[in-house]
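Novice: Just one file: protein_15.tsv, with TSV, C-alpha atoms.
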```
chain	number	residue	atom	x	y	z
A	17	MET	CA	0.00	0.00	0.00
A	18	GLU	CA	1.29	3.44	-0.92
A	19	LYS	CA	2.27	5.56	2.06
A	20	ILE	CA	0.33	8.68	3.03
A	21	LYS	CA	2.45	11.72	2.12
A	22	VAL	CA	2.81	14.50	4.69
A	23	GLY	CA	4.14	18.05	4.86
A	24	ILE	CA	5.20	19.87	8.06
A	25	ILE	CA	5.03	23.65	8.57
A	26	GLY	CA	7.28	24.84	11.40
A	27	THR	CA	10.25	23.05	12.95
A	28	GLY	CA	10.68	24.59	16.40
A	29	PHE	CA	10.15	22.50	19.53
A	30	ILE	CA	6.98	20.70	18.45
A	31	GLY	CA	7.55	20.11	14.72
A	32	PRO	CA	10.30	17.48	15.10
A	33	THR	CA	8.22	15.63	17.73
A	34	HIS	CA	5.40	15.34	15.18
A	35	ILE	CA	7.88	13.99	12.64
A	36	GLU	CA	9.26	11.40	15.06
A	37	ALA	CA	5.76	10.20	15.98
A	38	ILE	CA	4.70	9.98	12.34
A	39	ARG	CA	7.76	7.92	11.41
A	40	ARG	CA	6.88	5.33	14.04
A	41	LEU	CA	3.66	4.49	12.19
A	42	GLY	CA	5.23	2.89	9.12
A	43	PHE	CA	2.44	3.72	6.65
A	44	VAL	CA	3.00	7.49	6.64
A	45	GLU	CA	5.93	9.41	5.11
A	46	VAL	CA	7.04	12.99	5.80
A	47	VAL	CA	8.13	14.20	2.36
A	48	ALA	CA	8.37	17.97	2.86
A	49	LEU	CA	8.75	20.77	5.36
A	50	ALA	CA	8.30	24.52	5.17
A	51	GLU	CA	9.98	27.26	7.18
A	52	THR	CA	10.15	31.06	7.07
A	53	SER	CA	13.06	31.05	4.62
A	54	ARG	CA	14.45	28.66	2.03
A	55	GLU	CA	17.80	28.56	3.80
A	56	GLN	CA	16.26	27.64	7.16
A	57	ALA	CA	14.02	25.05	5.50
A	58	GLU	CA	16.94	23.39	3.71
A	59	THR	CA	19.02	23.29	6.90
A	60	LYS	CA	16.19	21.68	8.88
A	61	ALA	CA	15.32	19.28	6.06
A	62	ALA	CA	18.93	18.08	5.98
A	63	GLU	CA	18.97	17.63	9.77
A	64	LEU	CA	15.70	15.69	9.78
A	65	GLY	CA	16.26	13.66	6.61
A	66	ILE	CA	13.40	15.17	4.61
A	67	SER	CA	13.74	15.48	0.83
A	68	LEU	CA	11.73	18.61	0.01
A	69	ALA	CA	12.24	22.04	1.61
A	70	TYR	CA	10.09	25.12	1.05
A	71	GLY	CA	10.73	28.71	2.13
A	72	ASP	CA	7.01	29.47	1.72
A	73	TYR	CA	4.38	27.02	2.97
A	74	ARG	CA	1.99	28.14	0.22
A	75	GLU	CA	4.33	26.63	-2.34
A	76	MET	CA	4.27	23.35	-0.41
A	77	LEU	CA	0.46	23.36	-0.45
A	78	LYS	CA	0.61	23.26	-4.28
A	79	ASN	CA	2.30	19.84	-4.13
A	80	GLU	CA	-0.52	17.49	-5.12
A	81	GLU	CA	1.32	14.47	-3.73
A	82	ILE	CA	0.94	15.78	-0.16
A	83	GLN	CA	-2.32	14.62	1.45
A	84	VAL	CA	-1.89	15.86	5.03
A	85	VAL	CA	-0.27	19.00	6.45
A	86	HIS	CA	0.78	19.64	10.07
A	87	ASN	CA	0.66	23.20	11.37
A	88	CYS	CA	3.45	23.46	13.99
A	89	THR	CA	3.93	27.23	13.85
A	90	PRO	CA	3.60	29.96	16.54
A	91	ASN	CA	0.06	30.82	17.64
A	92	HIS	CA	-0.47	34.08	15.76
A	93	VAL	CA	-0.27	32.44	12.33
A	94	HIS	CA	-2.35	29.33	13.13
A	95	PHE	CA	-5.59	30.78	11.73
A	96	ALA	CA	-4.23	31.92	8.38
A	97	ILE	CA	-2.18	28.76	7.81
A	98	ASN	CA	-4.98	26.39	8.88
A	99	LYS	CA	-7.35	28.21	6.54
A	100	ASP	CA	-4.91	27.94	3.63
A	101	ILE	CA	-4.38	24.22	4.29
A	102	ILE	CA	-8.12	23.55	4.23
A	103	LEU	CA	-8.67	25.64	1.09
A	104	ALA	CA	-5.92	23.60	-0.58
A	105	GLY	CA	-8.01	20.49	0.11
A	106	LYS	CA	-5.48	18.91	2.47
A	107	HIS	CA	-6.27	17.06	5.69
A	108	VAL	CA	-4.84	18.98	8.63
A	109	ILE	CA	-3.39	18.49	12.09
A	110	SER	CA	-2.93	21.75	13.97
A	111	GLU	CA	-1.19	22.59	17.17
A	112	LYS	CA	-3.43	24.42	19.60
A	113	PRO	CA	-4.76	27.02	19.79
A	114	LEU	CA	-6.54	26.79	16.45
A	115	ALA	CA	-6.59	30.57	16.19
A	116	MET	CA	-6.30	33.74	18.28
A	117	ASN	CA	-9.98	33.82	19.30
A	118	SER	CA	-13.20	31.82	19.12
A	119	GLU	CA	-14.55	33.79	16.14
A	120	GLU	CA	-11.60	32.64	14.05
A	121	SER	CA	-11.79	29.05	15.33
A	122	ALA	CA	-15.51	28.93	14.49
A	123	GLU	CA	-14.69	30.02	10.93
A	124	LEU	CA	-12.06	27.29	10.63
A	125	LEU	CA	-14.43	24.63	11.92
A	126	ALA	CA	-17.17	25.66	9.50
A	127	LEU	CA	-14.72	25.72	6.58
A	128	ALA	CA	-13.27	22.31	7.46
A	129	LYS	CA	-16.79	20.85	7.52
A	130	THR	CA	-17.65	22.43	4.17
A	131	LYS	CA	-14.51	21.05	2.54
A	132	ASP	CA	-14.95	17.66	4.28
A	133	VAL	CA	-11.28	17.37	5.20
A	134	VAL	CA	-10.14	15.34	8.19
A	135	HIS	CA	-9.14	17.86	10.88
A	136	GLY	CA	-7.28	17.18	14.10
A	137	VAL	CA	-5.88	19.19	17.02
A	138	ASN	CA	-2.88	17.92	18.94
A	139	PHE	CA	-4.51	17.45	22.33
A	140	ASN	CA	-2.22	14.50	22.96
A	141	TYR	CA	-2.72	14.05	26.72
A	142	ARG	CA	-6.07	12.33	26.15
A	143	GLN	CA	-4.09	9.73	24.18
A	144	HIS	CA	-2.07	8.41	27.16
A	145	ALA	CA	-2.89	4.74	27.67
A	146	SER	CA	-3.97	5.19	31.31
A	147	VAL	CA	-6.17	8.15	30.35
A	148	GLN	CA	-7.83	6.07	27.65
A	149	ASN	CA	-8.42	3.32	30.21
A	150	LEU	CA	-9.85	5.81	32.71
A	151	HIS	CA	-12.20	7.15	30.04
A	152	ALA	CA	-13.48	3.61	29.52
A	153	MET	CA	-13.84	3.02	33.29
A	154	ILE	CA	-15.96	6.15	33.70
A	155	SER	CA	-18.04	5.39	30.59
A	156	ASN	CA	-18.71	1.90	31.93
A	157	GLY	CA	-19.83	3.25	35.32
A	158	ASP	CA	-17.00	1.63	37.28
A	159	LEU	CA	-16.49	4.71	39.46
A	160	GLY	CA	-20.15	5.72	39.75
A	161	LYS	CA	-21.43	9.27	39.21
A	162	VAL	CA	-18.73	11.91	38.76
A	163	ASN	CA	-19.23	14.66	41.37
A	164	LEU	CA	-16.00	16.68	41.49
A	165	VAL	CA	-12.95	17.26	39.31
A	166	HIS	CA	-9.89	19.12	40.58
A	167	GLY	CA	-6.27	19.39	39.55
A	168	SER	CA	-3.54	21.50	38.04
A	169	TYR	CA	-1.02	21.89	35.25
A	170	LEU	CA	2.28	23.18	36.63
A	171	GLN	CA	5.59	24.04	34.93
A	172	ASP	CA	8.73	25.93	35.94
A	173	TRP	CA	10.26	26.94	32.60
A	174	LEU	CA	9.32	30.62	33.13
A	175	LEU	CA	10.29	30.80	36.81
A	176	TYR	CA	13.12	33.34	36.47
A	177	GLU	CA	12.83	36.93	35.25
A	178	THR	CA	15.45	36.08	32.61
A	179	ASP	CA	13.23	33.35	31.13
A	180	PHE	CA	11.78	34.64	27.88
A	181	ASN	CA	10.05	33.16	24.84
A	182	TRP	CA	7.78	34.23	21.97
A	183	ARG	CA	4.81	32.87	23.93
A	184	LEU	CA	5.13	35.84	26.29
A	185	ALA	CA	4.29	38.36	23.56
A	186	PRO	CA	0.49	38.78	23.12
A	187	GLU	CA	0.85	39.72	19.45
A	188	VAL	CA	2.46	36.32	18.81
A	189	GLY	CA	1.25	34.00	21.58
A	190	GLY	CA	-2.19	35.53	22.08
A	191	LYS	CA	-3.91	37.47	24.85
A	192	SER	CA	-3.82	34.40	27.13
A	193	ARG	CA	-0.67	32.41	27.87
A	194	ALA	CA	-0.83	29.90	30.75
A	195	ILE	CA	-4.52	29.19	30.16
A	196	ALA	CA	-4.27	28.96	26.36
A	197	ASP	CA	-0.98	27.05	26.41
A	198	ILE	CA	-1.44	24.50	29.20
A	199	GLY	CA	-4.88	25.14	30.70
A	200	SER	CA	-6.37	24.15	27.35
A	201	HIS	CA	-4.74	20.72	27.68
A	202	TRP	CA	-6.11	20.26	31.23
A	203	CYS	CA	-9.64	21.19	30.15
A	204	ASP	CA	-9.55	18.96	27.08
A	205	THR	CA	-8.23	15.98	29.04
A	206	VAL	CA	-10.80	16.13	31.84
A	207	GLN	CA	-13.66	16.80	29.42
A	208	TYR	CA	-12.60	13.78	27.38
A	209	VAL	CA	-12.20	11.53	30.43
A	210	THR	CA	-15.50	12.49	32.04
A	211	GLY	CA	-17.50	12.94	28.85
A	212	LYS	CA	-18.77	16.29	30.21
A	213	LYS	CA	-18.31	19.76	28.70
A	214	ILE	CA	-17.32	22.80	30.74
A	215	VAL	CA	-20.15	25.33	30.41
A	216	GLU	CA	-19.33	28.07	32.96
A	217	VAL	CA	-16.18	29.47	34.57
A	218	PHE	CA	-15.01	31.84	37.31
A	219	ALA	CA	-11.35	32.81	36.90
A	220	ASP	CA	-8.53	34.57	38.73
A	221	LEU	CA	-5.37	35.32	36.69
A	222	ALA	CA	-2.08	36.88	37.72
A	223	THR	CA	1.19	37.97	36.13
A	224	VAL	CA	3.72	36.92	38.76
A	225	ILE	CA	6.68	38.48	36.94
A	226	PRO	CA	5.41	41.77	35.42
A	227	VAL	CA	8.75	42.73	33.86
A	228	ARG	CA	11.12	40.18	32.33
A	229	LYS	CA	14.62	40.44	30.95
A	230	LYS	CA	14.75	39.35	27.31
A	231	ALA	CA	18.11	38.06	26.09
A	232	ILE	CA	19.19	39.98	23.02
A	233	SER	CA	20.22	36.70	21.38
A	234	GLY	CA	16.82	35.05	22.04
A	235	SER	CA	16.03	31.47	23.13
A	236	ASN	CA	13.86	28.53	22.18
A	237	THR	CA	10.98	27.05	24.16
A	238	PHE	CA	12.21	24.92	27.10
A	239	SER	CA	15.84	25.59	26.14
A	240	ALA	CA	18.60	25.78	28.73
A	241	VAL	CA	20.06	29.27	28.69
A	242	ASN	CA	23.61	30.19	29.62
A	243	TYR	CA	23.14	33.46	31.53
A	244	GLU	CA	26.85	34.31	31.70
A	245	GLY	CA	27.70	37.25	29.48
A	246	GLN	CA	24.13	37.71	28.24
A	247	GLU	CA	22.76	41.13	27.40
A	248	TYR	CA	19.11	41.84	28.21
A	249	GLU	CA	16.36	44.31	27.58
A	250	ASP	CA	13.42	44.85	29.97
A	251	VAL	CA	10.02	43.80	28.59
A	252	ALA	CA	6.66	44.44	30.28
A	253	ILE	CA	4.55	41.26	30.49
A	254	ASN	CA	0.78	41.40	30.04
A	255	THR	CA	-0.14	37.71	29.96
A	256	GLU	CA	-0.71	35.43	32.93
A	257	ASP	CA	1.93	33.27	34.62
A	258	TYR	CA	-0.76	31.78	36.88
A	259	ALA	CA	-4.50	31.15	36.94
A	260	SER	CA	-7.06	29.37	39.09
A	261	VAL	CA	-10.46	28.62	37.59
A	262	LEU	CA	-13.69	27.34	39.09
A	263	VAL	CA	-15.66	25.35	36.50
A	264	ARG	CA	-19.18	24.00	36.16
A	265	PHE	CA	-19.88	21.07	33.84
A	266	GLU	CA	-22.98	20.58	31.72
A	267	ASP	CA	-24.55	18.11	34.19
A	268	GLY	CA	-24.08	20.44	37.18
A	269	SER	CA	-20.96	18.78	38.57
A	270	ARG	CA	-18.19	21.09	39.78
A	271	GLY	CA	-14.46	21.46	39.35
A	272	VAL	CA	-11.43	23.67	39.87
A	273	PHE	CA	-7.94	23.80	38.38
A	274	THR	CA	-4.75	25.83	38.71
A	275	VAL	CA	-2.15	26.45	36.02
A	276	SER	CA	1.30	27.92	36.55
A	277	GLN	CA	4.49	28.32	34.56
A	278	VAL	CA	6.46	29.54	37.60
A	279	SER	CA	6.29	26.48	39.92
A	280	ALA	CA	9.84	25.35	40.70
A	281	GLY	CA	10.48	21.65	40.16
A	282	ARG	CA	7.28	21.03	38.21
A	283	LYS	CA	8.45	20.31	34.69
A	284	ASN	CA	5.25	19.29	32.93
A	285	ARG	CA	2.86	18.22	35.66
A	286	LEU	CA	-0.67	17.93	34.31
A	287	SER	CA	-2.67	16.18	37.03
A	288	PHE	CA	-6.29	15.72	38.02
A	289	GLU	CA	-8.44	13.90	40.56
A	290	ILE	CA	-11.97	12.78	39.83
A	291	ASP	CA	-14.18	12.14	42.86
A	292	ALA	CA	-17.13	9.92	42.00
A	293	SER	CA	-19.88	8.23	44.02
A	294	LYS	CA	-18.09	4.86	44.27
A	295	SER	CA	-14.37	5.69	44.03
A	296	SER	CA	-11.89	8.46	43.31
A	297	VAL	CA	-9.03	8.42	40.81
A	298	PHE	CA	-5.87	10.51	40.44
A	299	TRP	CA	-3.51	10.71	37.44
A	300	ASN	CA	-0.30	12.68	36.94
A	301	GLN	CA	1.30	13.09	33.51
A	302	GLU	CA	4.83	13.02	34.94
A	303	GLU	CA	4.11	9.44	36.14
A	304	PRO	CA	1.72	8.41	33.36
A	305	GLU	CA	1.86	4.66	33.98
A	306	LYS	CA	0.21	5.05	37.41
A	307	LEU	CA	-3.48	5.51	38.18
A	308	TRP	CA	-4.37	5.93	41.87
A	309	ILE	CA	-7.80	4.59	42.77
A	310	GLY	CA	-9.24	5.61	46.13
A	311	HIS	CA	-11.91	3.76	48.13
A	312	ARG	CA	-13.74	4.35	51.38
A	313	ASP	CA	-14.35	0.78	52.53
A	314	LYS	CA	-11.28	-1.07	51.26
A	315	PRO	CA	-7.60	-0.36	50.68
A	316	ASN	CA	-6.68	2.12	47.97
A	317	GLU	CA	-5.03	0.85	44.79
A	318	ILE	CA	-2.33	1.80	42.28
A	319	LEU	CA	-3.17	0.47	38.82
A	320	LEU	CA	-0.01	0.28	36.70
A	321	ALA	CA	-0.45	0.46	32.95
A	322	ASP	CA	-0.78	-3.12	31.73
A	323	PRO	CA	-2.74	-4.30	28.68
A	324	SER	CA	-3.82	-7.44	30.53
A	325	LEU	CA	-5.55	-5.26	33.17
A	326	PHE	CA	-7.02	-2.60	30.88
A	327	SER	CA	-10.59	-2.29	29.67
A	328	ALA	CA	-11.19	-3.78	26.23
A	329	GLU	CA	-11.83	-0.30	24.81
A	330	ALA	CA	-8.38	0.93	25.91
A	331	LYS	CA	-6.18	-1.98	24.82
A	332	THR	CA	-5.34	-0.36	21.46
A	333	ALA	CA	-3.78	2.61	23.31
A	334	ILE	CA	-1.06	0.55	25.01
A	335	HIS	CA	1.61	-1.13	22.92
A	336	HIS	CA	3.95	-2.89	25.36
A	337	PRO	CA	3.59	-5.35	28.26
A	338	GLY	CA	3.16	-4.09	31.82
A	339	GLY	CA	6.33	-2.58	33.28
A	340	HIS	CA	7.48	-1.25	29.90
A	341	ASN	CA	6.45	2.30	30.62
A	342	GLU	CA	4.94	4.45	27.88
A	343	GLY	CA	4.96	8.24	28.12
A	344	TRP	CA	4.58	11.58	26.33
A	345	PRO	CA	6.06	10.53	22.96
A	346	ASP	CA	3.83	7.44	22.97
A	347	ALA	CA	0.69	9.52	23.60
A	348	LEU	CA	1.69	11.68	20.64
A	349	LYS	CA	2.20	8.55	18.56
A	350	ASN	CA	-1.30	7.38	19.55
A	351	MET	CA	-2.70	10.71	18.32
A	352	MET	CA	-0.96	10.22	14.96
A	353	LEU	CA	-1.93	6.56	14.73
A	354	ASN	CA	-5.61	7.31	15.31
A	355	PHE	CA	-5.65	10.27	12.91
A	356	TYR	CA	-3.81	8.53	10.09
A	357	THR	CA	-5.77	5.30	10.46
A	358	PHE	CA	-8.90	7.42	10.01
A	359	VAL	CA	-7.39	8.94	6.84
A	360	ARG	CA	-6.13	5.59	5.49
A	361	GLU	CA	-9.58	4.04	5.94
A	362	GLU	CA	-11.04	7.01	4.01
A	363	LYS	CA	-13.47	7.87	6.79
A	364	SER	CA	-15.34	11.17	6.97
A	365	LEU	CA	-15.99	13.30	10.03
A	366	LYS	CA	-19.50	13.82	8.65
A	367	THR	CA	-20.38	10.18	9.28
A	368	ASP	CA	-17.67	8.54	11.41
A	369	LYS	CA	-16.73	9.14	15.04
A	370	PRO	CA	-13.02	9.95	15.50
A	371	ASN	CA	-10.82	8.82	18.39
A	372	PHE	CA	-8.74	12.01	18.32
A	373	ALA	CA	-9.42	15.67	19.07
A	374	THR	CA	-10.87	17.59	16.11
A	375	PHE	CA	-11.39	21.26	15.26
A	376	GLU	CA	-14.65	20.91	17.18
A	377	ASP	CA	-12.61	20.31	20.33
A	378	GLY	CA	-10.20	23.07	19.34
A	379	HIS	CA	-13.07	25.53	18.93
A	380	LEU	CA	-14.53	24.56	22.31
A	381	SER	CA	-11.09	25.15	23.83
A	382	MET	CA	-11.01	28.66	22.35
A	383	CYS	CA	-14.50	29.37	23.70
A	384	ILE	CA	-13.42	28.28	27.19
A	385	THR	CA	-10.32	30.47	27.02
A	386	ASP	CA	-12.38	33.48	25.93
A	387	ALA	CA	-14.82	32.87	28.80
A	388	ILE	CA	-11.96	32.61	31.32
A	389	LEU	CA	-10.47	35.91	30.17
A	390	GLU	CA	-13.87	37.60	30.34
A	391	SER	CA	-14.52	36.14	33.79
A	392	HIS	CA	-11.22	37.44	35.15
A	393	GLN	CA	-11.84	40.88	33.68
A	394	GLN	CA	-15.39	41.13	35.08
A	395	GLN	CA	-14.79	39.04	38.24
A	396	LYS	CA	-17.95	36.97	37.82
A	397	TRP	CA	-19.20	33.66	36.49
A	398	VAL	CA	-19.24	33.59	32.67
A	399	LYS	CA	-20.96	31.05	30.45
A	400	VAL	CA	-18.93	29.37	27.71
A	401	LYS	CA	-20.52	30.74	24.56
A	402	GLN	CA	-20.46	27.85	22.12
A	403	GLU	CA	-23.30	27.16	19.78
A	404	LYS	CA	-23.99	23.49	19.12
A	405	GLU	CA	-21.90	22.29	16.19
A	406	VAL	CA	-23.33	19.34	14.27
A	407	TYR	CA	-22.68	17.77	10.92
A	408	SER	CA	-25.60	17.99	8.53
```
Would you mind writing the file's structure down as structure tokens?
Specialist:
Amino acid sequence: MEKIKVGIIGTGFIGPTHIEAIRRLGFVEVVALAETSREQAETKAAELGISLAYGDYREMLKNEEIQVVHNCTPNHVHFAINKDIILAGKHVISEKPLAMNSEESAELLALAKTKDVVHGVNFNYRQHASVQNLHAMISNGDLGKVNLVHGSYLQDWLLYETDFNWRLAPEVGGKSRAIADIGSHWCDTVQYVTGKKIVEVFADLATVIPVRKKAISGSNTFSAVNYEGQEYEDVAINTEDYASVLVRFEDGSRGVFTVSQVSAGRKNRLSFEIDASKSSVFWNQEEPEKLWIGHRDKPNEILLADPSLFSAEAKTAIHHPGGHNEGWPDALKNMMLNFYTFVREEKSLKTDKPNFATFEDGHLSMCITDAILESHQQQKWVKVKQEKEVYS
């Protein structure tokens, strides 16, 4: 069978991780990449072993051999590039956020439906094997009725005043940072696991470091910076380092979460606890093979990821025997496997249910972010304004 041909736009932190995950599938081939200049594209293509390099992504979109395009660019160009990909008739996987606001994401969703392309958003945390298993447990009623959801997503990569990145600039990263960048992942994961949408929010945001020192030479996301001999310029920061948000779900159940990018020692700690009528569960992305299950009338348990112990619905999400831990790259691979299997089987989002996040989920994420920003500004509960989106 001929391999599915893929093009990648953007080769910063996330682009190469997409490429690595795709190459693990076997039936998909990355044939091209695009960057902001021909020279940069050729350098990256040589490093990553990709044959075609484009200095303008629009030229790559003219390549009829390419069936799928990944948008791995900074936030402020997501909307325009996603729109161009769809108009070119290509299937698309976008990094989140889909756009800079919910009006733009709604336009993208409507356009993707009209063109009937397969559209995905890289909400990869829902693809962890233990998260897939937990989703099945809750769907099957093993924990009883979900009453409360609480948790956090904590990082430390912006702890120091000398930590700086394009995500800090609203004109590039957007008017929200911690919420849009990592809070969106927390919300998507718990909505997926519980099967409940967030419909109302009450938010408190703070900029812990209001002025940062930007290195004249610049730095990449999550990169280790050598501070010795650096020259800096002061930059006022207008996006949040921290947020806590009360949430209400569509069935009336309650929740709360905190996000922070200034929590020392927390590298990428997305965690949540779900308290249900029979049992509670806790999961932490930094130890993804463990699921804590709490009981009132018997000893608590730690369920280690093991295909022989997983629900039937979750067995396809785990690829190795128990004790052979799978983590972040494997969740990303699951995202790619599910998306590209959908494409290979020539399914349509008009008629077939996907097992990956789509632009529908990406649009909901934008609506939640907009509601959180409005809630913080007005200091009151705000409803998530999302009209029902259905395929006709």
Novice: List the residues sitting within 9 Å of (-2.0, 20.9, 1.1) in the file's frame, using only C-alpha atoms, as a count of residues only.
Specialist: 22
Novice: Give me, please, the distance in Å between atom CA of Asp368 of chain A and atom CA of Lys401 of chain A, quoted to one decimal.
Specialist: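 If I compute the distance from atom CA of Asp368 of chain A to atom CA of Lys401 of chain A, I get 26.0 Å.
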Novice: Contacts of Pro90 of chain A at 7 Å or less, counting all atoms listed in the file, minus same-chain residues fewer than 3 places along, as a list in words?
Specialist: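 My reading of the contact set: Val93, His94, Val188 and Gly189 of chain A.
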Novice: Give me, as number ranges by chain, all polymer residues having an atom no more than 6 Å from segment 275-289 of chain A, counting all atoms listed in the file and skipping those fewer than 2 positions away in the same chain.
Specialist: A: 165-172, 174-175, 257-259, 297-302
Novice: Looking at only C-alpha atoms, which of A:Pro32, A:Pro370, A:Gly338, A:Pro113 is the one that sits closest to Asp204 of chain A?
Specialist: A:Pro113
Novice: I'd like the contact shell of segment 306-321 of chain A - 12 Å cut-off, only C-alpha atoms, skipping same-chain residues fewer than 2 positions apart - returned as JSON, numbers by chain.
Specialist: {"A": [144, 145, 146, 147, 148, 149, 150, 153, 158, 159, 160, 287, 288, 289, 290, 291, 292, 293, 294, 295, 296, 297, 298, 299, 300, 301, 302, 303, 304, 323, 324, 325, 326, 327, 330, 331, 333, 334, 335, 336, 337, 338, 339, 340, 341, 342, 343]}
Novice: Pick from A:Asn156, A:Thr223, A:Gln246, A:Gln393: nearest to Val209 of chain A, with all atoms listed in the file counted?
Specialist: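 Under the stated criterion, the closest residue is A:Asn156.
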Novice: Could you tell me how far atom CA of Gly136 of chain A lies from atom CA of Phe375 of chain A, in Å and to one decimal?
Specialist: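 That distance, rounded to one decimal, is 5.9 Å.
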